[in-house]
Structure formats: C-alpha cells, structure tokens
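A.B. asks: My questions all concern the structure below.
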Amino acid sequence: MEKDTKKLGLIALTALVISSSIGSGIFGIASDMAKGTSPGAAIVAWIISGTGVLMLCLALTNIIRKRPELSGIFSYATETFGPFGGFISGWGYWLSAWLGNIAFATIMMSALSYFFPALGNGSNLLSIIVASVVLWLMCFVVNKGIESAAVLNTIITVCKLVPLLLFMIAAIIAFKADVFTADFWGTVSGNFSLKDVLSQVNSSIMVLMWVFVGIEGAAMMSDRAKTKSTAGKATVLGLIGLLGIYLLLSLLPYGLMGRDEICQLKQPTMAYLLSSIVGPWGAAFINIAMIISVAGCWLSWTMLPVETTLLMSNQNLLPKKFGEVNDKNVPIFSLVFMSALSQVFIFTLLFTDKAYNFAYSLCTAAIFITWILVCVYQIKLSYEHRQEKGELLQLAVGVLGTAFYAWAIWAAGIGYFLMCMLVYIIGIFLYIKARKEHGEENVFTKKEVIVILFIIAGAVTSIVMLVTGRIAI
C-alpha cells in the first residue's frame with residue numbers, strides 16, 4: 001500500500017529548483033569567469049548556455065505533459081534505449097548529485113574558515129571532521145521525510161536570496177560603465193574577434209553549466225508533486241528566476257573592478273567585492289549567506305540522489321535493496337549508501353588543494369549524460385507525434401538541446417567526462433544484480449555490450465590522462 005505523504009506544490013518545487021542550482025558556484029562566479037572571459041564574451045556565453053538550458057527545460061516540460069506516467073528523468077532514456085539506457089542516465093544523475101555534495105563540503109569549510117581560522121583553507125583535518133558532521137546531519141534530516149526537508153529547503157531559499165539581492169543593489173549603485181567597457185572583448189586589438197570570443201566561451205562553459213546543475217530537480221521529484229504539470233511549471237519558473245539572478249551577479253563585477261583585480265580576489269569572490277563597496281562587514285555578510293546557501297543546496301542534493309536510486313530500484317535498474325523505505329517513505333539504504341560514499345570522498349580532501357574545482361567539474365560532466373539523453377528522448381517523442389500541431393517546434397527543441405550538450409561535453413573538457421566511466425563500471429555490476437533479481441538471464445544485448453566496451457575504453461583513457469597529467473586533481 002502506498003504511504004500517505006504530503007504532496008509538493010508549485011512554490012516548494014520552484015524553490016527546490018532555485019535552491020538546487022544556487023549553491024556555491026554563484027558566489028565565486030565572478031573570478032571563475034574573469035580568469036578566461038571578458039564582459040562581451042561572458043554575455044555571448046550566457047546567451048549560448050542560457051539557450052541550451054532553456055531547450056532542456058522546454059523538453060522536460062513537454063515530456064512531463066505528454067508522458068506524466070513516467071517517473072524520474074532517467075526513465076526517458078529507458079523509453080529511448082531500453083533498461084540499460086535508463087541505467088546509464090540514472091547512474092549519471094546519481095553520480096553528479098553526490099559529487100556535487102563534495103564540492104559543497106569543500107566550499108562551506110572555506111567560508112567557515114573566515115570566522116574560524118583553525119579550519120585553514122577548508123581541507124585540513126578539522127575541516128574534514130566538521131564537514132563529516134554536516135554530511136550525517138543532512139542524512140538525518142532527509143531520513144525524517146523528504147517532504148518535510150523540502151519545506152525547510154523553501155525557507156532556506158528565501159534566506160539566501162536576500163543577501164544576493166543586497167549585493168545586486170550595491171553593485172548597481174557602484175557600477176562604473178567605463179570599467180565595464182575598458183576591455184570589453186578581451187582581445188589584443190580590443191575589437192570583436194569571433195575566434196577569440198568563442199575560445200573564451202569554451203573556457204567558461206564548465207563554470208556556467210555548474211551553476212545550472214539542479215535545474216531538473218522538479219522533474220526528478222515529480223512523483224511527489226501535487227500534479228505532474230506543477231513540476232513542469234516549476235522548472236520553467238525556476239529557470240527564469242535563475243537566469244535573471246545569474247546574469248546580474250556575473251556581469252556586474254566587471255563594472256566594479258578590472259579583470260586582473262577580480263582574478264586576484266579570494267573565494268568567495270562576491271564577499272570581497274561587496275567588502276570593496278560597503279566595507280569589511282560585507283565580506284562577513286556574504287560568507288554567512290554562502291554558508292546558508294550551500295546548506296540549502298546540500299540538503300536538496302541529498303534528497304535528489306536518494307530519490308533517483310529509489311525510482312531506479314522500482315524500475316529494476318538497481319537491486320531491490322535500494323528501494324527499501326522507512327516509515328517516512330525514505331529509501332534509507334540508498335541514503336546511507338550515498339552518505340558513506342560521500343564520507344570516503346571527503347577524506348580525500350586531505351590530499352589535494354583543488355578538491356572543489358575537481359568535484360564540481362566531475363559533477364557537471366556526469367550530469368551532461370542525463371541531460372543529453374533527455375533531449376534525445378524529446379526528439380523521439382516529437383517525431384512520434386509529428387503529425388500534431390506544434391511538434392516540429394518541439395522537434396527543433398530536442399535537436400538544439402542535443403547539439404548543445406554534445407558540444408558542451410567537448411568544450412568543458414572530455415577528460416572529466418571519461419573519468420565518469422570509472423564509476424560506471426562499478427554501477428554496471430549493480431545493474432547486472434538488479435536484472436538477475438528481475439529474472440533475466442541474458443542481461444545485455446549485443447549493442448549494449450558495445451556500449452560497455454566504450455565505457456571500459458573511456459575509463460582506461462581517463463586513467464592514462466590522469467597519469468600523464470592531462471587531467472589535474
């Protein structure tokens with residue numbers, strides 16, 4: 001019997017989308033962008049990436065409307081390529097979600113070190129202990145019920161948007177047009193050069209995609225929404241809100257300082273930018289805001305991966321153990337399993353000073369797999385309904401989205417994409433166990449065996465790239 005649980009409304013789901021996306025990235029986006037992108041190129045990058053993410057959101061809205069019975073965005077890949085395709089999509093989404101939590105752990109400790117210097121740069125032993133406590137606290141909160149956690153997440157979303165609004169107002173007042181236009185295109189001649197601008201766009205794509213990870217949160221939680229259409233509306237509303245926030249927060253800093261000055265600022269960059277406008281209290285204020293922001297995002301991304309493994313288990317893509325729920329309808333084994341893996345990874349922060357960059361790069365590369373498969377299903381679904389009004393436009397949405405994410409995988413760095421294949425090898429064994437539990441003897445088709453060989457080849461290639469230094473951890 002299905003447990004009686006409260007359903008999520010439009011406000012809660014829209015807050016989930018915004019909170020899932022607004023985490024640590026937006027607080028440091030100014031320096032991340034300034035390192036390789038001029039103001040003009042940044043605008044071009046936002047137009048391109050914004051269009052790509054819009055295609056994804058429109059595809060999700062269309063699919064949810066046409067196929068409301070499907071659960072979880074990985075089920076779209078199942079409809080296109082069969083169970084193994086669904087596993088590929090779902091495992092990528094799950095991998096992305098908990099790797100994102102490692103990035104949050106790193107940057108939260110860095111923000112806390114502003115107030116507690118003993119935490120050092122956020123990756124010493126004390127930082128690891130504090131991050132571990134927060135990790136298991138998140139596990140405890142979600143274990144008490146995903147719907148209750150979503151309500152708490154809505155409150156956190158409001159709390160973290162207020163400081164961002166304050167920064168926007170202060171930056172608009174202090175904005176200097178001559179500073180913004182001084183090196184507008186970032187070229188040697190100072191004039192527009194398509195080649196140079198596109199090169200700058202390529203260098204910023206991972207940063208831009210990182211801040212959008214989580215945009216699919218409402219679709220992933222659609223089974224817990226009051227209606228499926230609510231999830232679609234929340235996705236589009238969330239994107240509109242995010243685009244407005246991101247454009248202002250990433251472009252305004254170019255009118256406050258020169259690019260070289262912005263690049264020299266410590267993380268979170270926004271803290272020191274506000275400090276330059278209003279005084280030292282600005283840095284403290286933004287660091288507090290980022291701690292709250294990351295806490296909310298961390299909470300969202302603790303809900304999303306366990307929901308993914310629950311749905312995958314229900315569809316026989318993961319062993320039955322992952323589908324076992326407690327009296328609050330929370331898949332406790334999946335929750336503890338993910339938290340334990342996160343704990344192991346957090347300990348590795350002791351051995352690298354680039355954990356944040358590496359974690360968010362790997363997280364973003366993994367989510368590309370899920371996103372591109374959503375767009376591919378959009379193509380399939382629109383083609384099947386091609387005789388209906390408006391379906392040619394929907395087909396164009398799918399084609400543009402697929403082309404964008406194929407390009408993004410390459411532009412963001414193929415090495416991180418290949419590294420995800422290492423974790424896929426582990427997941428394949430769980431998939432085999434799940435299909436055996438379902439009574440299948442021949443788990444893979446010939447085409448799927450070829451895909452597995454490509455995964456193995458990608459994993460081996462990533463190891464070679466690590467050894468040769470082409471991928472930096």
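Convention: chains lettered A, B, ... in structure tokens order; per-chain residue numbering from 1; ligands numbered from 1 as shown.
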Please list as a short mmCIF file (atom, residue, chain, number, x, y, z; two decimals) with N, CA and C atoms, in the first residue's frame every residue within 8 Å of Val374 in chain A, counting only C-alpha atoms and excluding residues in the same chain fewer than 4 positions away.
C.D. replies:
data_model
loop_
_atom_site.label_atom_id
_atom_site.label_comp_id
_atom_site.auth_asym_id
_atom_site.auth_seq_id
_atom_site.Cartn_x
_atom_site.Cartn_y
_atom_site.Cartn_z
N LEU A 56 16.60 22.35 -22.60
CA LEU A 56 16.41 21.25 -21.65
C LEU A 56 15.11 21.43 -20.87
N ALA A 59 12.12 20.84 -23.02
CA ALA A 59 11.99 19.40 -23.26
C ALA A 59 11.37 18.70 -22.06
N LEU A 60 11.84 19.03 -20.87
CA LEU A 60 11.30 18.43 -19.65
C LEU A 60 9.81 18.74 -19.50
N ILE A 73 13.68 11.42 -14.53
CA ILE A 73 14.09 11.78 -15.88
C ILE A 73 14.91 10.68 -16.56
N PHE A 74 15.48 9.76 -15.78
CA PHE A 74 16.21 8.66 -16.40
C PHE A 74 15.27 7.71 -17.13
N TYR A 76 13.19 8.50 -19.24
CA TYR A 76 13.11 8.94 -20.63
C TYR A 76 14.13 8.18 -21.48
N ALA A 77 15.30 7.94 -20.90
CA ALA A 77 16.32 7.16 -21.61
C ALA A 77 15.90 5.70 -21.74
N THR A 370 22.95 12.67 -18.44
CA THR A 370 21.50 12.64 -18.22
C THR A 370 20.80 13.68 -19.08
N GLN A 378 13.33 13.73 -26.26
CA GLN A 378 12.48 14.79 -26.79
C GLN A 378 12.37 14.66 -28.31
#
A.B. asks: Counting only C-alpha atoms, what are the residues of range 168-201 of chain A within 6 Å of range 38-49 of chain A, and for each of them which pair of atoms is the nearest and at what distance in Å, to one decimal? Sort the table by chain and rising number, as a tab-separated table.
C.D. replies:
residue	atom	partner	partner_atom	distance
A:Phe184	CA	A:Gly40	CA	5.2
A:Trp185	CA	A:Gly40	CA	5.0
A:Gly186	CA	A:Ser38	CA	5.0
A:Val197	CA	A:Ala41	CA	5.4
A:Val201	CA	A:Ala45	CA	5.1
A.B. asks: I'd like the neighbourhood of Tyr377 in chain A as a PyMOL selection string, where a residue qualifies if any of its atoms comes within 12 Å (using only C-alpha atoms), though same-chain residues fewer than 5 positions away should be ignored.
C.D. replies: chain A and resi 56+59-60+62-64+66-67+73-82+85-86+89+370-372+382-384+394-395+397-399+401-402
A.B. asks: I'd like the neighbourhood of range 436-446 of chain A as a list of chain:residue names, where a residue qualifies if any of its atoms comes within 12 Å (using only C-alpha atoms), though same-chain residues fewer than 2 positions away should be ignored.
C.D. replies: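 The residues satisfying every condition are A:Phe81, A:Gly82, A:Pro83, A:Phe84, A:Gly85, A:Ser313, A:Asn314, A:Gln315, A:Asn316, A:Leu317, A:Leu318, A:Pro319, A:Lys320, A:Lys321, A:Ile428, A:Phe429, A:Leu430, A:Tyr431, A:Ile432, A:Lys433, A:Ala434, A:Glu448, A:Val449, A:Ile450, A:Val451, A:Ile452, A:Leu453.
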A.B. asks: Export, as a compact mmCIF listing (two decimals), in the first residue's frame, the selected residues with C-alpha atoms.
C.D. replies:
# COMPACT_ATOMS: atom_id res chain seq x y z
CA PHE A 81 17.16 2.84 -25.43
CA GLY A 82 15.66 0.29 -23.05
CA PRO A 83 16.56 -0.56 -19.42
CA PHE A 84 20.32 -0.20 -19.85
CA GLY A 85 19.82 3.29 -21.33
CA SER A 313 15.17 0.23 -7.97
CA ASN A 314 11.41 0.38 -8.57
CA GLN A 315 12.15 0.05 -12.30
CA ASN A 316 14.56 -2.88 -11.75
CA LEU A 317 17.63 -0.87 -12.73
CA LEU A 318 19.25 -1.23 -9.29
CA PRO A 319 18.98 -4.05 -6.70
CA LYS A 320 15.82 -4.22 -4.58
CA LYS A 321 17.76 -3.11 -1.51
CA ILE A 428 27.22 -1.97 -14.13
CA PHE A 429 27.74 -4.75 -11.58
CA LEU A 430 24.79 -3.42 -9.55
CA TYR A 431 22.73 -3.25 -12.74
CA ILE A 432 23.54 -6.90 -13.51
CA LYS A 433 22.43 -7.90 -10.00
CA ALA A 434 19.17 -5.96 -10.41
CA GLU A 448 24.70 -2.81 -25.08
CA VAL A 449 27.87 -4.91 -24.97
CA ILE A 450 29.41 -2.48 -27.47
CA VAL A 451 28.39 0.42 -25.21
CA ILE A 452 30.05 -1.32 -22.24
CA LEU A 453 33.26 -1.74 -24.27
A.B. asks: Compare A:Tyr93, A:Ile463, A:Gly232, A:Leu249 by their minimum atom-to-atom distance to Thr14 in chain A, counting only C-alpha atoms, and give me the closest one.
C.D. replies: A:Gly232
A.B. asks: Just how far from CA of Thr269 in chain A is CA of Ile29 in chain A, in Å to one decimal?
C.D. replies: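 These atoms are spaced 7.4 Å apart.
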A.B. asks: Return the single residue from A:Asn326, A:Pro253, A:Gly415, A:Cys363 that is closest to Gly469 in chain A, with distances computed using only C-alpha atoms.
C.D. replies: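 Smallest distance to Gly469 in chain A is found for A:Gly415.
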A.B. asks: Taking the DSSP assignment computed from this structure's backbone, write out as a count of residues only all residues of range 111-229 of chain A that belong to alpha helix (DSSP H).
C.D. replies: 78
A.B. asks: Can you measure CA of Val134 in chain A to CA of Leu164 in chain A for me? One decimal in Å is fine.
C.D. replies: 23.7 Å
A.B. asks: Using only C-alpha atoms, which residues sit within 12 Å of Met290 in chain A once same-chain residues fewer than 2 positions away are excluded, as number ranges by chain?
C.D. replies: A: 19, 22-28, 104-105, 107-112, 114, 156-157, 159-164, 267-271, 283-288, 292-298
A.B. asks: Within 12 Å of range 169-173 of chain A, counting only C-alpha atoms, which residues qualify if same-chain residues fewer than 2 places away don't, as a ChimeraX atom specification?
C.D. replies: /A:162-167,175-177,180,245,248-257,270-271,273-279,282
A.B. asks: Go ahead and dump the residues you just picked, N, CA and C atoms, as a CSV table (one decimal), in the first residue's frame.
C.D. replies:
chain,number,residue,atom,x,y,z
A,162,VAL,N,18.0,36.9,-0.2
A,162,VAL,CA,18.1,38.3,0.3
A,162,VAL,C,19.5,38.8,0.2
A,163,PRO,N,20.5,38.1,0.7
A,163,PRO,CA,21.9,38.7,0.5
A,163,PRO,C,22.3,38.9,-0.9
A,164,LEU,N,21.9,38.0,-1.8
A,164,LEU,CA,22.2,38.2,-3.2
A,164,LEU,C,21.5,39.4,-3.8
A,165,LEU,N,20.3,39.7,-3.3
A,165,LEU,CA,19.6,40.9,-3.7
A,165,LEU,C,20.4,42.2,-3.2
A,166,LEU,N,20.9,42.1,-2.0
A,166,LEU,CA,21.6,43.2,-1.4
A,166,LEU,C,22.9,43.5,-2.2
A,167,PHE,N,23.6,42.4,-2.6
A,167,PHE,CA,24.8,42.6,-3.4
A,167,PHE,C,24.4,43.2,-4.8
A,175,PHE,N,28.4,50.6,-9.8
A,175,PHE,CA,28.8,50.2,-11.2
A,175,PHE,C,29.4,51.4,-12.0
A,176,LYS,N,30.5,51.1,-12.7
A,176,LYS,CA,31.2,52.1,-13.5
A,176,LYS,C,31.2,51.6,-14.9
A,177,ALA,N,30.5,52.3,-15.8
A,177,ALA,CA,30.4,51.9,-17.2
A,177,ALA,C,31.8,51.9,-17.9
A,180,PHE,N,33.6,48.7,-17.0
A,180,PHE,CA,32.9,47.6,-17.7
A,180,PHE,C,33.3,47.5,-19.2
A,245,ILE,N,19.0,36.2,-12.0
A,245,ILE,CA,20.0,36.3,-10.9
A,245,ILE,C,21.4,36.1,-11.4
A,248,LEU,N,23.0,39.1,-13.7
A,248,LEU,CA,23.4,40.3,-12.9
A,248,LEU,C,24.6,40.0,-12.1
A,249,LEU,N,24.6,38.8,-11.4
A,249,LEU,CA,25.7,38.6,-10.4
A,249,LEU,C,27.0,38.3,-11.1
A,250,SER,N,27.0,37.8,-12.4
A,250,SER,CA,28.2,37.5,-13.1
A,250,SER,C,28.7,38.7,-13.9
A,251,LEU,N,27.8,39.6,-14.3
A,251,LEU,CA,28.2,40.7,-15.2
A,251,LEU,C,28.5,42.0,-14.4
A,252,LEU,N,27.8,42.2,-13.3
A,252,LEU,CA,28.0,43.4,-12.5
A,252,LEU,C,29.5,43.6,-12.0
A,253,PRO,N,30.1,42.5,-11.6
A,253,PRO,CA,31.5,42.7,-11.1
A,253,PRO,C,32.5,43.3,-12.1
A,254,TYR,N,32.2,43.1,-13.4
A,254,TYR,CA,33.1,43.7,-14.4
A,254,TYR,C,33.0,45.2,-14.4
A,255,GLY,N,32.0,45.7,-13.8
A,255,GLY,CA,31.9,47.2,-13.7
A,255,GLY,C,32.4,47.7,-12.4
A,256,LEU,N,32.9,46.8,-11.5
A,256,LEU,CA,33.4,47.2,-10.2
A,256,LEU,C,34.9,47.2,-10.2
A,257,MET,N,35.5,46.3,-10.8
A,257,MET,CA,37.0,46.2,-10.9
A,257,MET,C,37.4,45.7,-12.2
A,270,MET,N,32.4,37.1,-4.3
A,270,MET,CA,31.4,38.1,-4.0
A,270,MET,C,31.6,38.8,-2.7
A,271,ALA,N,32.1,38.0,-1.7
A,271,ALA,CA,32.3,38.6,-0.4
A,271,ALA,C,33.3,39.8,-0.4
A,273,LEU,N,34.1,41.5,-3.1
A,273,LEU,CA,33.6,42.6,-4.0
A,273,LEU,C,32.7,43.5,-3.2
A,274,LEU,N,31.8,42.8,-2.4
A,274,LEU,CA,30.9,43.6,-1.5
A,274,LEU,C,31.7,44.4,-0.5
A,275,SER,N,32.7,43.8,0.0
A,275,SER,CA,33.6,44.5,1.0
A,275,SER,C,34.2,45.7,0.4
A,276,SER,N,34.6,45.7,-0.9
A,276,SER,CA,35.2,46.9,-1.5
A,276,SER,C,34.2,48.0,-1.7
A,277,ILE,N,32.9,47.7,-1.6
A,277,ILE,CA,31.8,48.7,-1.8
A,277,ILE,C,31.4,49.2,-0.5
A,278,VAL,N,31.1,48.4,0.5
A,278,VAL,CA,30.4,48.8,1.7
A,278,VAL,C,31.3,48.7,3.0
A,279,GLY,N,32.5,48.1,2.8
A,279,GLY,CA,33.4,47.9,4.0
A,279,GLY,C,33.5,46.5,4.4
A,282,GLY,N,30.8,43.6,4.7
A,282,GLY,CA,30.3,43.0,3.5
A,282,GLY,C,30.8,41.6,3.3
A.B. asks: A:Ile346, A:Val376, A:Ile455, A:Ala366: which is nearest Val133 in chain A, counting only C-alpha atoms?
C.D. replies: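 Smallest distance to Val133 in chain A is found for A:Ile346.
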A.B. asks: Grab the CA of Arg435 in chain A to CA of Cys420 in chain A distance for me, in Å with one decimal place.
C.D. replies: 22.3 Å
A.B. asks: Extract, using only C-alpha atoms, all DNA, RNA and protein residues at most 7 Å from range 204-206 of chain A, discarding same-chain residues fewer than 5 positions from it, and format them as an mmCIF file with N, CA, C and O atoms, in the first residue's frame.
C.D. replies:
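Dumped everything to around_31.cif:
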data_model
loop_
_atom_site.group_PDB
_atom_site.id
_atom_site.type_symbol
_atom_site.label_atom_id
_atom_site.label_comp_id
_atom_site.auth_asym_id
_atom_site.auth_seq_id
_atom_site.Cartn_x
_atom_site.Cartn_y
_atom_site.Cartn_z
ATOM 1 N N MET A 33 34.777 33.364 -13.955
ATOM 2 C CA MET A 33 34.521 33.877 -15.299
ATOM 3 C C MET A 33 35.646 34.811 -15.746
ATOM 4 O O MET A 33 36.109 34.734 -16.888
ATOM 5 N N GLY A 36 39.018 33.722 -17.617
ATOM 6 C CA GLY A 36 39.129 33.385 -19.029
ATOM 7 C C GLY A 36 38.150 34.086 -19.936
ATOM 8 O O GLY A 36 38.124 33.829 -21.143
ATOM 9 N N THR A 37 37.322 35.009 -19.364
ATOM 10 C CA THR A 37 36.243 35.597 -20.170
ATOM 11 C C THR A 37 36.112 37.091 -19.931
ATOM 12 O O THR A 37 36.064 37.545 -18.784
ATOM 13 N N SER A 361 33.724 19.900 -11.435
ATOM 14 C CA SER A 361 33.944 19.563 -12.844
ATOM 15 C C SER A 361 33.442 18.158 -13.139
ATOM 16 O O SER A 361 32.778 17.910 -14.156
ATOM 17 N N ALA A 408 28.891 20.856 -25.389
ATOM 18 C CA ALA A 408 29.303 21.197 -24.022
ATOM 19 C C ALA A 408 30.215 20.130 -23.434
ATOM 20 O O ALA A 408 31.171 20.443 -22.712
ATOM 21 N N ALA A 411 33.570 20.891 -25.056
ATOM 22 C CA ALA A 411 34.117 22.190 -24.676
ATOM 23 C C ALA A 411 34.516 22.238 -23.206
ATOM 24 O O ALA A 411 35.504 22.880 -22.835
ATOM 25 N N ALA A 412 33.746 21.558 -22.337
ATOM 26 C CA ALA A 412 34.017 21.605 -20.898
ATOM 27 C C ALA A 412 35.219 20.760 -20.505
ATOM 28 O O ALA A 412 35.742 20.895 -19.408
#
A.B. asks: Which is closest to Phe212 in chain A among A:Phe115, A:Tyr416, A:Phe140, A:Tyr360, if we use only C-alpha atoms?
C.D. replies: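 The shortest atom-to-atom distance to Phe212 in chain A comes from A:Tyr360.
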A.B. asks: Ranking A:Gly122, A:Gly72, A:Gly427, A:Gly238 by minimum distance to Val306 in chain A and counting only C-alpha atoms, which one comes first?
C.D. replies: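 Using only C-alpha atoms, the shortest distance to Val306 in chain A belongs to A:Gly72.
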A.B. asks: Which is closer to Phe337 in chain A than all the others in A:Thr461, A:Asp32, A:Thr309, A:Phe358, using only C-alpha atoms?
C.D. replies: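 Of A:Thr461, A:Asp32, A:Thr309, A:Phe358, the one nearest Phe337 in chain A, counting only C-alpha atoms, is A:Thr309.
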